[in-house]
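Undergrad: Supplied in structure tokens, the structure appears directly below.
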Amino acid sequence: MATVNNNPDTASKSQARKGRMALYVLALFVLILAAVFAYNYSFIKGQLGIGTAYGARVACSCHYVGGRDLTDCEKDFEPGMEIIGLSLDDEKRRVTASVPLLASATAEFREGWGCIMLTEAEAD
């Protein structure tokens, strides 16, 4: 015949074990996610570099050649480029597209040439 254990001490130990197990599973998930990011970091950084260069060039042409507002130029971006932010430097006629801490690219409008991409040295 089975009996029910109504001992509150045993029940709290069981809950504590479940809580620790959930914490271990969460830590393992975060560790796996970090490992996948580290393994694919160069690919991710490369894709973000391409995306920011494309975004800077398109936004520069849209704003300086097309005469549209910078916020309106974001409509020309491809799907998935929502993470890219734009900043405008009207004094130097430049548009910078960036993903914080990962990638940045700058395009400059030059009369007769249109918008050209700048190297990091030229942008500074």
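Ligands are numbered from 1 in the order shown, residues from 1 within each chain, and chains are lettered A, B, ... in the order they appear in the structure tokens.
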Show which residues sit within 12 Å of A:Lys45, as a ChimeraX atom specification. Count only C-alpha atoms, and ignore same-chain residues fewer than 5 positions away.
TA: /A:37-40,50-52,98-104
Undergrad: Using only N, CA and C atoms, please write the residues we just selected to a file, as an mmCIF file, in the first residue's frame.
TA:
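Okay, this is what ended up in out_12.cif:
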```cif
data_model
loop_
_atom_site.group_PDB
_atom_site.id
_atom_site.type_symbol
_atom_site.label_atom_id
_atom_site.label_comp_id
_atom_site.auth_asym_id
_atom_site.auth_seq_id
_atom_site.Cartn_x
_atom_site.Cartn_y
_atom_site.Cartn_z
ATOM 1 N N PHE A 37 27.932 31.895 -30.948
ATOM 2 C CA PHE A 37 28.287 33.258 -31.364
ATOM 3 C C PHE A 37 29.790 33.375 -31.583
ATOM 4 N N ALA A 38 30.588 32.834 -30.677
ATOM 5 C CA ALA A 38 32.050 32.909 -30.806
ATOM 6 C C ALA A 38 32.528 32.159 -32.048
ATOM 7 N N TYR A 39 31.940 31.008 -32.316
ATOM 8 C CA TYR A 39 32.325 30.208 -33.478
ATOM 9 C C TYR A 39 32.012 30.950 -34.777
ATOM 10 N N ASN A 40 30.883 31.656 -34.820
ATOM 11 C CA ASN A 40 30.435 32.344 -36.035
ATOM 12 C C ASN A 40 30.768 33.832 -36.041
ATOM 13 N N ILE A 50 29.275 44.244 -44.498
ATOM 14 C CA ILE A 50 28.622 44.395 -45.802
ATOM 15 C C ILE A 50 27.328 45.185 -45.654
ATOM 16 N N GLY A 51 26.562 44.852 -44.631
ATOM 17 C CA GLY A 51 25.278 45.530 -44.410
ATOM 18 C C GLY A 51 25.432 47.008 -44.106
ATOM 19 N N THR A 52 26.421 47.361 -43.278
ATOM 20 C CA THR A 52 26.614 48.775 -42.960
ATOM 21 C C THR A 52 27.134 49.544 -44.172
ATOM 22 N N SER A 98 25.856 52.146 -38.839
ATOM 23 C CA SER A 98 26.595 51.380 -37.837
ATOM 24 C C SER A 98 25.696 50.415 -37.080
ATOM 25 N N VAL A 99 26.350 49.394 -36.563
ATOM 26 C CA VAL A 99 25.777 48.473 -35.591
ATOM 27 C C VAL A 99 26.684 48.611 -34.372
ATOM 28 N N PRO A 100 26.172 49.111 -33.260
ATOM 29 C CA PRO A 100 27.030 49.426 -32.116
ATOM 30 C C PRO A 100 27.962 48.280 -31.728
ATOM 31 N N LEU A 101 29.222 48.616 -31.544
ATOM 32 C CA LEU A 101 30.298 47.724 -31.096
ATOM 33 C C LEU A 101 30.724 46.668 -32.113
ATOM 34 N N LEU A 102 30.063 46.600 -33.267
ATOM 35 C CA LEU A 102 30.403 45.528 -34.209
ATOM 36 C C LEU A 102 30.874 46.022 -35.576
ATOM 37 N N ALA A 103 30.182 46.992 -36.159
ATOM 38 C CA ALA A 103 30.548 47.412 -37.516
ATOM 39 C C ALA A 103 30.093 48.840 -37.773
ATOM 40 N N SER A 104 30.823 49.513 -38.665
ATOM 41 C CA SER A 104 30.491 50.878 -39.048
ATOM 42 C C SER A 104 31.067 51.149 -40.440
#
```
Undergrad: Let's see if you can do this: from backbone DSSP, list all strand (DSSP E) residues in chain A, as a list in words.
TA: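 So the strand (DSSP E) residues in chain A would be Gly85, Leu86, Ser87, Leu88, Asp89, Arg94, Val95, Thr96, Ala97, Ser98, Val99, Ala103, Ser104, Ala105, Thr106, Ala107, Glu108, Phe109, Arg110, Gly114, Cys115, Ile116, Met117 and Leu118 of chain A.
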Undergrad: Just the number, please: distance in Å from atom CA of A:Arg57 to atom CA of A:Phe43, one decimal.
TA: 21.4 Å
Undergrad: Could you tell me which of A:Gly114, A:Gly49, A:Gly66, A:Pro79 comes closest to A:Ala97 if we count only C-alpha atoms?
TA: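 Of the candidates, the smallest distance to A:Ala97 is held by A:Gly49.
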Undergrad: Just the helix (DSSP H, G or I) stuff from chain A, please, per backbone DSSP, written as a count of residues only.
TA: 68
Undergrad: What are the closest atom pairs, with distances in Å to one decimal, for all residues of stretch 33-98 of chain A lying within 12 Å of stretch 116-124 of chain A? Consider only C-alpha atoms, order rows by chain and residue number, and present the result as a Markdown table.
TA:
```
| residue | atom | partner | partner_atom | distance |
| --- | --- | --- | --- | --- |
| A:Ile50 | CA | A:Met117 | CA | 11.7 |
| A:Thr52 | CA | A:Met117 | CA | 10.7 |
| A:Ala53 | CA | A:Met117 | CA | 7.4 |
| A:Tyr54 | CA | A:Met117 | CA | 9.4 |
| A:Gly55 | CA | A:Met117 | CA | 10.8 |
| A:Ala56 | CA | A:Met117 | CA | 8.0 |
| A:Arg57 | CA | A:Met117 | CA | 6.8 |
| A:Val58 | CA | A:Ile116 | CA | 10.3 |
| A:Ala59 | CA | A:Ile116 | CA | 11.5 |
| A:Cys60 | CA | A:Ile116 | CA | 8.7 |
| A:Ser61 | CA | A:Ile116 | CA | 9.2 |
| A:Tyr64 | CA | A:Ile116 | CA | 11.7 |
| A:Asp89 | CA | A:Ala123 | CA | 11.3 |
| A:Lys92 | CA | A:Ala123 | CA | 10.1 |
| A:Arg93 | CA | A:Ile116 | CA | 11.0 |
| A:Arg94 | CA | A:Ala123 | CA | 9.0 |
| A:Val95 | CA | A:Met117 | CA | 9.7 |
| A:Thr96 | CA | A:Ala123 | CA | 9.3 |
| A:Ala97 | CA | A:Met117 | CA | 11.1 |
```
